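Text of the file query_5.cif, holding mmCIF, C-alpha atoms and all ligand atoms:
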```cif
data_start
#
loop_
_atom_site.label_atom_id
_atom_site.label_comp_id
_atom_site.auth_asym_id
_atom_site.auth_seq_id
_atom_site.Cartn_x
_atom_site.Cartn_y
_atom_site.Cartn_z
CA MET R 159 -11.59 -2.26 -20.50
CA SER R 160 -12.32 0.52 -18.08
CA TYR R 161 -12.17 0.70 -14.32
CA LYS R 162 -13.47 2.78 -11.44
CA LEU R 163 -11.40 3.11 -8.28
CA TYR R 164 -12.70 4.36 -4.93
CA TYR R 165 -9.79 6.50 -3.95
CA ALA R 166 -8.18 8.98 -1.56
CA ASP R 167 -4.69 10.43 -1.57
CA ARG R 168 -2.24 8.91 0.94
CA SER R 169 -4.43 5.79 1.20
CA ALA R 170 -3.97 2.15 0.27
CA ALA R 171 -5.76 2.98 -2.99
CA MET R 172 -2.61 4.70 -4.29
CA GLY R 173 -0.83 1.40 -5.03
CA ALA R 174 -3.81 0.16 -7.04
CA ARG R 175 -3.87 3.46 -8.90
CA VAL R 176 -0.20 3.11 -9.84
CA VAL R 177 -0.98 -0.31 -11.35
CA LEU R 178 -3.91 1.21 -13.29
CA GLU R 179 -1.58 3.92 -14.54
CA GLU R 180 0.92 1.27 -15.67
CA ILE R 181 -1.89 -0.50 -17.56
CA GLY R 182 -2.69 2.70 -19.41
CA ALA R 183 -6.41 1.88 -19.80
CA PRO R 184 -8.94 4.57 -18.89
CA TYR R 185 -10.02 4.64 -15.27
CA GLU R 186 -12.23 6.87 -13.18
CA LEU R 187 -11.41 7.90 -9.62
CA ILE R 188 -14.27 8.10 -7.13
CA TRP R 189 -12.87 10.50 -4.53
CA THR R 190 -13.76 9.16 -1.11
CA ASP R 191 -13.69 10.73 2.35
CA ILE R 192 -12.21 8.15 4.74
CA SER R 193 -11.32 10.49 7.59
CA GLN R 194 -12.08 9.16 11.08
CA GLY R 195 -15.63 9.91 12.07
CA SER R 196 -16.77 10.72 8.51
CA THR R 197 -19.96 9.07 7.32
CA ARG R 198 -19.29 6.57 4.58
CA GLU R 199 -21.35 6.95 1.44
CA PRO R 200 -24.01 4.19 1.17
CA GLU R 201 -22.67 3.55 -2.34
CA LEU R 202 -19.25 2.63 -0.89
CA LEU R 203 -20.72 0.57 1.96
CA ALA R 204 -22.75 -1.43 -0.56
CA LEU R 205 -19.51 -2.40 -2.30
CA ASN R 206 -17.33 -2.81 0.79
CA PRO R 207 -19.24 -3.09 4.07
CA ASN R 208 -15.99 -2.32 5.93
CA GLY R 209 -16.10 1.19 4.50
CA TRP R 210 -12.50 0.93 3.33
CA ILE R 211 -10.81 1.83 0.10
CA PRO R 212 -9.55 0.76 -2.38
CA VAL R 213 -12.56 -0.72 -4.11
CA LEU R 214 -12.18 -1.55 -7.79
CA VAL R 215 -15.17 -1.73 -10.11
CA TRP R 216 -14.72 -3.47 -13.44
CA GLU R 217 -17.08 -4.63 -16.21
CA GLU R 218 -18.24 -7.75 -14.41
CA GLY R 219 -17.98 -6.97 -10.73
CA THR R 220 -16.30 -5.32 -7.80
CA ILE R 221 -13.43 -6.28 -5.53
CA TYR R 222 -11.86 -4.81 -2.45
CA GLU R 223 -8.56 -5.52 -0.62
CA CYS R 224 -5.50 -3.84 -2.01
CA GLY R 225 -3.47 -7.06 -2.40
CA ALA R 226 -6.29 -8.83 -4.23
CA ILE R 227 -6.80 -5.86 -6.57
CA THR R 228 -3.07 -5.84 -7.33
CA VAL R 229 -2.99 -9.54 -8.28
CA PHE R 230 -6.26 -9.24 -10.21
CA LEU R 231 -5.05 -6.32 -12.33
CA CYS R 232 -1.60 -7.80 -12.96
CA ASP R 233 -3.09 -11.13 -14.06
CA ARG R 234 -5.65 -9.44 -16.26
CA HIS R 235 -2.94 -7.36 -17.93
CA PRO R 236 0.09 -9.63 -18.27
CA GLU R 237 1.50 -7.24 -20.89
CA ILE R 238 2.54 -4.81 -18.11
CA GLN R 239 4.83 -7.51 -16.68
CA LEU R 240 4.30 -6.54 -13.07
CA ALA R 241 3.71 -10.06 -11.76
CA PRO R 242 5.19 -13.50 -12.37
CA GLY R 243 2.61 -15.73 -14.05
CA PRO R 244 0.82 -18.51 -12.15
CA THR R 245 3.40 -21.14 -13.15
CA ASP R 246 6.46 -18.90 -12.84
CA SER R 247 8.95 -19.91 -10.14
CA ASP R 248 8.73 -16.44 -8.53
CA ARG R 249 4.94 -16.54 -8.25
CA GLY R 250 5.02 -17.84 -4.67
CA LEU R 251 7.39 -15.11 -3.53
CA PHE R 252 5.27 -12.47 -5.22
CA LEU R 253 2.14 -13.67 -3.39
CA GLN R 254 4.05 -14.05 -0.15
CA TRP R 255 5.08 -10.38 -0.10
CA LEU R 256 1.67 -9.06 -1.08
CA PHE R 257 -0.02 -11.11 1.64
CA PHE R 258 2.62 -10.21 4.20
CA PHE R 259 2.26 -6.52 3.40
CA SER R 260 -1.51 -6.52 3.62
CA SER R 261 -1.95 -8.83 6.59
CA SER R 262 1.03 -7.88 8.77
CA LEU R 263 2.69 -4.60 7.87
CA GLN R 264 -0.47 -2.78 6.88
CA ASN R 265 -2.16 -4.06 10.00
CA ALA R 266 0.64 -2.77 12.23
CA PHE R 267 0.27 0.65 10.55
CA GLN R 268 -3.47 0.56 11.22
CA MET R 269 -2.85 -0.17 14.89
CA THR R 270 -0.62 2.89 15.20
CA TYR R 271 -3.17 5.11 13.42
CA TYR R 272 -6.32 3.74 15.07
CA PRO R 273 -5.28 2.18 18.41
CA ASN R 274 -8.86 2.68 19.64
CA ARG R 275 -10.01 -0.08 17.28
CA PHE R 276 -7.70 -2.62 18.84
CA CYS R 277 -8.50 -2.35 22.53
CA ALA R 278 -11.64 -2.36 24.61
CA SER R 279 -10.68 0.51 26.87
CA SER R 280 -9.19 3.90 25.99
CA LYS R 281 -6.66 3.46 28.80
CA ASP R 282 -4.97 0.74 26.72
CA GLU R 283 -4.60 2.83 23.56
CA ALA R 284 -1.13 4.13 24.41
CA SER R 285 0.05 0.59 25.00
CA VAL R 286 -1.38 -0.62 21.64
CA LYS R 287 0.30 2.31 19.90
CA ARG R 288 3.64 1.65 21.56
CA ARG R 289 3.62 -2.04 20.77
CA SER R 290 2.45 -1.64 17.17
CA THR R 291 5.17 0.95 16.60
CA SER R 292 7.84 -1.48 17.78
CA ARG R 293 6.10 -4.16 15.68
CA LEU R 294 6.59 -1.94 12.62
CA GLN R 295 10.29 -1.87 13.38
CA GLU R 296 10.40 -5.68 13.59
CA LEU R 297 8.39 -6.25 10.40
CA TRP R 298 10.32 -3.76 8.27
CA GLN R 299 13.49 -5.39 9.52
CA VAL R 300 12.24 -8.71 8.12
CA VAL R 301 11.62 -7.11 4.72
CA ASP R 302 14.99 -5.35 4.78
CA ALA R 303 16.87 -8.56 5.56
CA ALA R 304 14.96 -10.44 2.83
CA ILE R 305 15.91 -7.86 0.20
CA GLY R 306 19.57 -7.94 1.24
CA GLU R 307 21.64 -7.06 -1.80
CA LYS R 308 18.93 -7.92 -4.30
CA ASP R 309 17.68 -5.35 -6.80
CA TRP R 310 14.01 -5.90 -6.00
CA LEU R 311 11.87 -7.98 -3.66
CA LEU R 312 11.84 -10.78 -6.24
CA GLY R 313 15.52 -10.49 -7.10
CA ASN R 314 16.11 -9.25 -10.63
CA GLN R 315 12.48 -8.78 -11.56
CA PHE R 316 10.67 -5.56 -10.70
CA SER R 317 7.06 -6.30 -9.75
CA ALA R 318 3.91 -4.83 -8.28
CA ALA R 319 5.17 -6.05 -4.88
CA ASP R 320 7.84 -3.32 -5.09
CA ILE R 321 5.12 -0.76 -5.82
CA TYR R 322 3.24 -1.98 -2.74
CA LEU R 323 6.45 -1.73 -0.70
CA PHE R 324 6.93 1.86 -1.90
CA MET R 325 3.37 2.75 -0.91
CA LEU R 326 3.94 1.42 2.59
CA THR R 327 7.16 3.42 3.00
CA THR R 328 5.18 6.61 2.31
CA TRP R 329 3.14 5.90 5.44
CA LEU R 330 6.18 5.97 7.75
CA SER R 331 5.45 9.08 9.73
CA GLU R 332 7.58 11.04 12.14
CA SER R 333 4.53 12.42 13.93
CA HIS R 334 3.40 8.86 14.71
CA GLN R 335 6.86 7.99 16.02
CA HIS R 336 7.27 5.35 13.31
CA PRO R 337 10.77 4.16 12.55
CA ALA R 338 12.46 6.10 9.72
CA ALA R 339 13.03 4.40 6.37
CA ASP R 340 16.71 5.28 7.00
CA SER R 341 16.80 2.39 9.48
CA PHE R 342 16.15 -0.03 6.60
CA ALA R 343 18.80 0.64 3.97
CA ASN R 344 17.68 -2.06 1.52
CA VAL R 345 14.02 -1.08 1.70
CA LYS R 346 15.04 2.54 1.20
CA ARG R 347 17.15 1.66 -1.85
CA VAL R 348 14.31 -0.28 -3.50
CA ALA R 349 11.72 2.43 -2.66
CA ALA R 350 13.97 5.15 -4.10
CA LYS R 351 14.16 3.21 -7.39
CA VAL R 352 10.39 2.65 -7.48
CA MET R 353 9.97 6.41 -7.02
CA GLN R 354 11.75 6.97 -10.36
CA ARG R 355 9.00 5.26 -12.37
CA PRO R 356 6.88 7.73 -14.37
CA SER R 357 3.63 6.20 -13.06
CA VAL R 358 4.80 6.63 -9.46
CA ARG R 359 6.12 10.14 -10.08
CA PHE R 360 2.71 11.07 -11.48
CA ILE R 361 0.53 9.56 -8.72
CA TYR R 362 2.85 10.58 -5.88
CA GLU R 363 3.64 14.02 -7.29
CA SER R 364 2.59 15.88 -4.16
CA HIS R 365 4.38 13.44 -1.84
CA ILE R 366 7.57 13.78 -3.92
CA SER R 367 7.29 17.60 -3.90
CA ASP R 368 6.94 17.49 -0.11
CA ILE R 369 10.15 15.46 0.08
CA ALA R 370 11.92 17.97 -2.18
CA ALA R 371 10.66 20.83 0.05
CA GLY R 372 11.94 19.01 3.15
CA LYS R 373 8.39 18.59 4.52
CA LYS R 374 8.56 14.79 4.40
CA ARG R 375 11.31 12.25 4.87
CA ALA R 376 12.56 10.60 1.69
CA PRO R 377 12.00 6.85 1.47
N1 LIG A 1 -7.18 -4.59 4.20
C1 LIG A 1 -7.63 -3.45 3.45
C2 LIG A 1 -7.39 -2.20 4.27
C3 LIG A 1 -7.75 -0.97 3.52
C4 LIG A 1 -7.65 0.26 4.40
O1 LIG A 1 -7.34 0.22 5.59
N2 LIG A 1 -7.92 1.37 3.79
C5 LIG A 1 -7.88 2.60 4.53
C6 LIG A 1 -7.17 3.67 3.73
S1 LIG A 1 -5.45 3.38 3.75
C7 LIG A 1 -9.29 3.06 4.81
O2 LIG A 1 -10.16 2.96 3.97
N3 LIG A 1 -9.46 3.54 6.02
C8 LIG A 1 -10.69 4.03 6.49
C9 LIG A 1 -11.03 3.44 7.81
O3 LIG A 1 -10.33 2.55 8.28
O4 LIG A 1 -12.00 3.89 8.38
C10 LIG A 1 -6.87 -3.37 2.13
O5 LIG A 1 -5.72 -3.77 2.08
O6 LIG A 1 -7.48 -2.93 1.14
#
```
Could you render the structure from this file as structure tokens?
Amino acid sequence: MSYKLYYADRSAAMGARVVLEEIGAPYELIWTDISQGSTREPELLALNPNGWIPVLVWEEGTIYECGAITVFLCDRHPEIQLAPGPTDSDRGLFLQWLFFFSSSLQNAFQMTYYPNRFCASSKDEASVKRRSTSRLQELWQVVDAAIGEKDWLLGNQFSAADIYLFMLTTWLSESHQHPAADSFANVKRVAAKVMQRPSVRFIYESHISDIAAGKKRAP
């Protein structure tokens, strides 16, 4: 089995790449410019008309949406043990967190990065940014409380949902006035453990070096 991943550093494609790394099968990265105002390649638009990454290409088709790619890869490669199986009692919780991350948390991040997309008039952008920033605080608080004293989001079992959580913590940015991961002790504890995994250390090498150099906040 081999895969192609439309990819950019610091993007939502990083979580999918960590899962590919865990699988250990060959994959090709298609480096993609997603900066604001850049023209999307027709090749990408043909696969995802939204112009977003990640997009995963496999032998029989293409899918986009980070959460869907995560479930797809974990189900296709049960040997990596990154997701409870369809009849496992933790399956619901696993899906719950992936959907919550992609539909709520990720969306709040998007609103802070691109407030112009969420209001009709530029005069409302500051208000969108302010509210989505406080929304981030509320949503991370929900995750933090749910983790409580557990080892991982699912309790004892590490899963791809923890990888997704880690990815989202790397987007918490001081320059965007986001809350610091320090405000969410349980999230921070789980993210710090995820960061120890060889696959994560490899994919997030530059992010981790920036933390070591004091250029970025640690999760
Ligand atoms: N719901 C999509 C969102 C993906 C997304 O927002 N990707 C960002 C990178 S983190 C992107 O491609 N942004 C380019 C843009 O919005 O123009 C998913 O979860 O895959």
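Counting all atoms listed in the file, the residue from R:Trp210, R:Phe252, R:Phe324, R:Trp189 that sits nearest to ligand LIG 1 (chain A) is R:Trp210.
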Who sits within 10 Å of range 193-196 of chain R, all atoms listed in the file, same chain under 3 positions skipped, as a CSV table (one decimal) with C-alpha atoms, in the coordinates of the input:
```csv
chain,number,residue,atom,x,y,z
R,166,ALA,CA,-8.2,9.0,-1.6
R,190,THR,CA,-13.8,9.2,-1.1
R,199,GLU,CA,-21.4,7.0,1.4
R,272,TYR,CA,-6.3,3.7,15.1
```
Per residue of chain R within 8 Å of ligand LIG 1 (chain A), which atom pair is closest and at what distance in Å (one decimal), using only C-alpha atoms and all ligand atoms, listed by chain and increasing number, as a tab-separated table?
```
residue	atom	partner	partner_atom	distance
R:Ala166	CA	A:LIG1	C6	7.6
R:Arg168	CA	A:LIG1	S1	7.0
R:Ser169	CA	A:LIG1	S1	3.7
R:Ala170	CA	A:LIG1	S1	4.0
R:Ala171	CA	A:LIG1	S1	6.8
R:Ile192	CA	A:LIG1	C8	4.7
R:Ser193	CA	A:LIG1	C8	6.6
R:Gln194	CA	A:LIG1	O4	5.9
R:Gly195	CA	A:LIG1	O4	7.9
R:Asn208	CA	A:LIG1	O4	7.8
R:Gly209	CA	A:LIG1	O2	6.2
R:Trp210	CA	A:LIG1	O2	3.2
R:Ile211	CA	A:LIG1	O2	4.1
R:Pro212	CA	A:LIG1	O6	5.5
R:Val213	CA	A:LIG1	O6	7.6
R:Tyr222	CA	A:LIG1	O6	6.0
R:Glu223	CA	A:LIG1	O6	3.3
R:Cys224	CA	A:LIG1	O6	3.8
R:Gly225	CA	A:LIG1	O5	6.0
R:Ser260	CA	A:LIG1	O5	5.3
R:Ser261	CA	A:LIG1	N1	7.1
R:Gln264	CA	A:LIG1	O5	7.2
R:Asn265	CA	A:LIG1	N1	7.7
R:Gln268	CA	A:LIG1	O1	6.8
R:Tyr272	CA	A:LIG1	O3	8.0
```
Determine, counting all atoms listed in the file, which protein, DNA and RNA residues have an atom within 10 Å of an atom of range 337-346 of chain R; residues of the same chain fewer than 5 positions away are not included. Present the result as an mmCIF file with C-alpha atoms, in the coordinates of the input.
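Dumped everything to around_32.cif:
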```cif
data_model
loop_
_atom_site.group_PDB
_atom_site.id
_atom_site.type_symbol
_atom_site.label_atom_id
_atom_site.label_comp_id
_atom_site.auth_asym_id
_atom_site.auth_seq_id
_atom_site.Cartn_x
_atom_site.Cartn_y
_atom_site.Cartn_z
ATOM 1 C CA THR R 291 5.170 0.950 16.600
ATOM 2 C CA SER R 292 7.840 -1.480 17.780
ATOM 3 C CA LEU R 294 6.590 -1.940 12.620
ATOM 4 C CA GLN R 295 10.290 -1.870 13.380
ATOM 5 C CA GLU R 296 10.400 -5.680 13.590
ATOM 6 C CA TRP R 298 10.320 -3.760 8.270
ATOM 7 C CA GLN R 299 13.490 -5.390 9.520
ATOM 8 C CA VAL R 300 12.240 -8.710 8.120
ATOM 9 C CA VAL R 301 11.620 -7.110 4.720
ATOM 10 C CA ASP R 302 14.990 -5.350 4.780
ATOM 11 C CA ALA R 303 16.870 -8.560 5.560
ATOM 12 C CA ALA R 304 14.960 -10.440 2.830
ATOM 13 C CA ILE R 305 15.910 -7.860 0.200
ATOM 14 C CA GLY R 306 19.570 -7.940 1.240
ATOM 15 C CA GLU R 307 21.640 -7.060 -1.800
ATOM 16 C CA LYS R 308 18.930 -7.920 -4.300
ATOM 17 C CA ASP R 309 17.680 -5.350 -6.800
ATOM 18 C CA TRP R 310 14.010 -5.900 -6.000
ATOM 19 C CA LEU R 311 11.870 -7.980 -3.660
ATOM 20 C CA ASP R 320 7.840 -3.320 -5.090
ATOM 21 C CA LEU R 323 6.450 -1.730 -0.700
ATOM 22 C CA PHE R 324 6.930 1.860 -1.900
ATOM 23 C CA THR R 327 7.160 3.420 3.000
ATOM 24 C CA THR R 328 5.180 6.610 2.310
ATOM 25 C CA LEU R 330 6.180 5.970 7.750
ATOM 26 C CA SER R 331 5.450 9.080 9.730
ATOM 27 C CA GLU R 332 7.580 11.040 12.140
ATOM 28 C CA LYS R 351 14.160 3.210 -7.390
ATOM 29 C CA VAL R 352 10.390 2.650 -7.480
ATOM 30 C CA ARG R 375 11.310 12.250 4.870
ATOM 31 C CA ALA R 376 12.560 10.600 1.690
ATOM 32 C CA PRO R 377 12.000 6.850 1.470
#
```
Select, counting only C-alpha atoms, all protein, DNA and RNA residues no farther than 12 Å from (-15.6, -10.6, -13.4) in file coordinates, and express the selection as a count of residues only.
-> 13
Residues within 10 Å of (5.6, -5.5, -3.8), counting all atoms listed in the file, listed as a short mmCIF file (atom, residue, chain, number, x, y, z; two decimals) with C-alpha atoms, keeping the file's coordinate frame:
```
data_model
loop_
_atom_site.label_atom_id
_atom_site.label_comp_id
_atom_site.auth_asym_id
_atom_site.auth_seq_id
_atom_site.Cartn_x
_atom_site.Cartn_y
_atom_site.Cartn_z
CA GLY R 173 -0.83 1.40 -5.03
CA GLY R 225 -3.47 -7.06 -2.40
CA THR R 228 -3.07 -5.84 -7.33
CA LEU R 240 4.30 -6.54 -13.07
CA ALA R 241 3.71 -10.06 -11.76
CA LEU R 251 7.39 -15.11 -3.53
CA PHE R 252 5.27 -12.47 -5.22
CA LEU R 253 2.14 -13.67 -3.39
CA GLN R 254 4.05 -14.05 -0.15
CA TRP R 255 5.08 -10.38 -0.10
CA LEU R 256 1.67 -9.06 -1.08
CA PHE R 257 -0.02 -11.11 1.64
CA PHE R 258 2.62 -10.21 4.20
CA PHE R 259 2.26 -6.52 3.40
CA TRP R 310 14.01 -5.90 -6.00
CA LEU R 311 11.87 -7.98 -3.66
CA LEU R 312 11.84 -10.78 -6.24
CA PHE R 316 10.67 -5.56 -10.70
CA SER R 317 7.06 -6.30 -9.75
CA ALA R 318 3.91 -4.83 -8.28
CA ALA R 319 5.17 -6.05 -4.88
CA ASP R 320 7.84 -3.32 -5.09
CA ILE R 321 5.12 -0.76 -5.82
CA TYR R 322 3.24 -1.98 -2.74
CA LEU R 323 6.45 -1.73 -0.70
CA PHE R 324 6.93 1.86 -1.90
CA MET R 325 3.37 2.75 -0.91
CA LEU R 326 3.94 1.42 2.59
#
```
Please determine an axis-aligned box that encloses all atoms of range 222-232 of chain R listed in the file, with 6 Å added on each side, and express its centre and edge lengths in Å to one decimal as lines of an AutoDock Vina configuration file.
```
center_x = -6.7
center_y = -6.7
center_z = -6.8
size_x = 22.3
size_y = 17.7
size_z = 24.3
```
When you get a chance, write out N, CA and C atoms for range 313-336 of chain R, as a compact mmCIF listing (two decimals), keeping the file's coordinate frame.
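Heads up, here's the output in part10.txt:
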```
# COMPACT_ATOMS: atom_id res chain seq x y z
N GLY R 313 14.18 -10.25 -6.54
CA GLY R 313 15.52 -10.49 -7.10
C GLY R 313 15.76 -9.54 -8.25
N ASN R 314 15.82 -10.11 -9.47
CA ASN R 314 16.11 -9.25 -10.63
C ASN R 314 14.86 -8.63 -11.21
N GLN R 315 13.70 -9.21 -10.88
CA GLN R 315 12.48 -8.78 -11.56
C GLN R 315 11.70 -7.75 -10.74
N PHE R 316 11.54 -6.56 -11.32
CA PHE R 316 10.67 -5.56 -10.70
C PHE R 316 9.23 -6.06 -10.77
N SER R 317 8.44 -5.82 -9.73
CA SER R 317 7.06 -6.30 -9.75
C SER R 317 6.16 -5.35 -8.96
N ALA R 318 4.87 -5.64 -9.02
CA ALA R 318 3.91 -4.83 -8.28
C ALA R 318 4.14 -4.94 -6.77
N ALA R 319 4.85 -5.96 -6.32
CA ALA R 319 5.17 -6.05 -4.88
C ALA R 319 6.09 -4.89 -4.47
N ASP R 320 6.96 -4.47 -5.40
CA ASP R 320 7.84 -3.32 -5.09
C ASP R 320 7.03 -2.03 -5.03
N ILE R 321 6.00 -1.94 -5.87
CA ILE R 321 5.12 -0.76 -5.82
C ILE R 321 4.40 -0.71 -4.47
N TYR R 322 3.94 -1.89 -4.04
CA TYR R 322 3.24 -1.98 -2.74
C TYR R 322 4.21 -1.58 -1.62
N LEU R 323 5.44 -2.08 -1.70
CA LEU R 323 6.45 -1.73 -0.70
C LEU R 323 6.64 -0.21 -0.66
N PHE R 324 6.75 0.40 -1.86
CA PHE R 324 6.93 1.86 -1.90
C PHE R 324 5.77 2.56 -1.19
N MET R 325 4.55 2.12 -1.52
CA MET R 325 3.37 2.75 -0.91
C MET R 325 3.48 2.71 0.62
N LEU R 326 3.86 1.55 1.13
CA LEU R 326 3.94 1.42 2.59
C LEU R 326 5.02 2.32 3.19
N THR R 327 6.12 2.54 2.45
CA THR R 327 7.16 3.42 3.00
C THR R 327 6.64 4.86 3.12
N THR R 328 5.69 5.23 2.24
CA THR R 328 5.18 6.61 2.31
C THR R 328 4.33 6.83 3.56
N TRP R 329 3.95 5.76 4.21
CA TRP R 329 3.14 5.90 5.44
C TRP R 329 4.00 6.04 6.70
N LEU R 330 5.31 5.84 6.57
CA LEU R 330 6.18 5.97 7.75
C LEU R 330 6.19 7.43 8.16
N SER R 331 5.70 7.69 9.36
CA SER R 331 5.45 9.08 9.73
C SER R 331 6.15 9.42 11.04
N GLU R 332 6.86 10.56 10.96
CA GLU R 332 7.58 11.04 12.14
C GLU R 332 6.61 11.36 13.27
N SER R 333 5.46 11.97 12.89
CA SER R 333 4.53 12.42 13.93
C SER R 333 3.89 11.23 14.66
N HIS R 334 3.92 10.06 14.03
CA HIS R 334 3.40 8.86 14.71
C HIS R 334 4.50 8.06 15.39
N GLN R 335 5.67 8.64 15.42
CA GLN R 335 6.86 7.99 16.02
C GLN R 335 7.21 6.66 15.34
N HIS R 336 6.87 6.55 14.05
CA HIS R 336 7.27 5.35 13.31
C HIS R 336 8.78 5.35 13.12
```
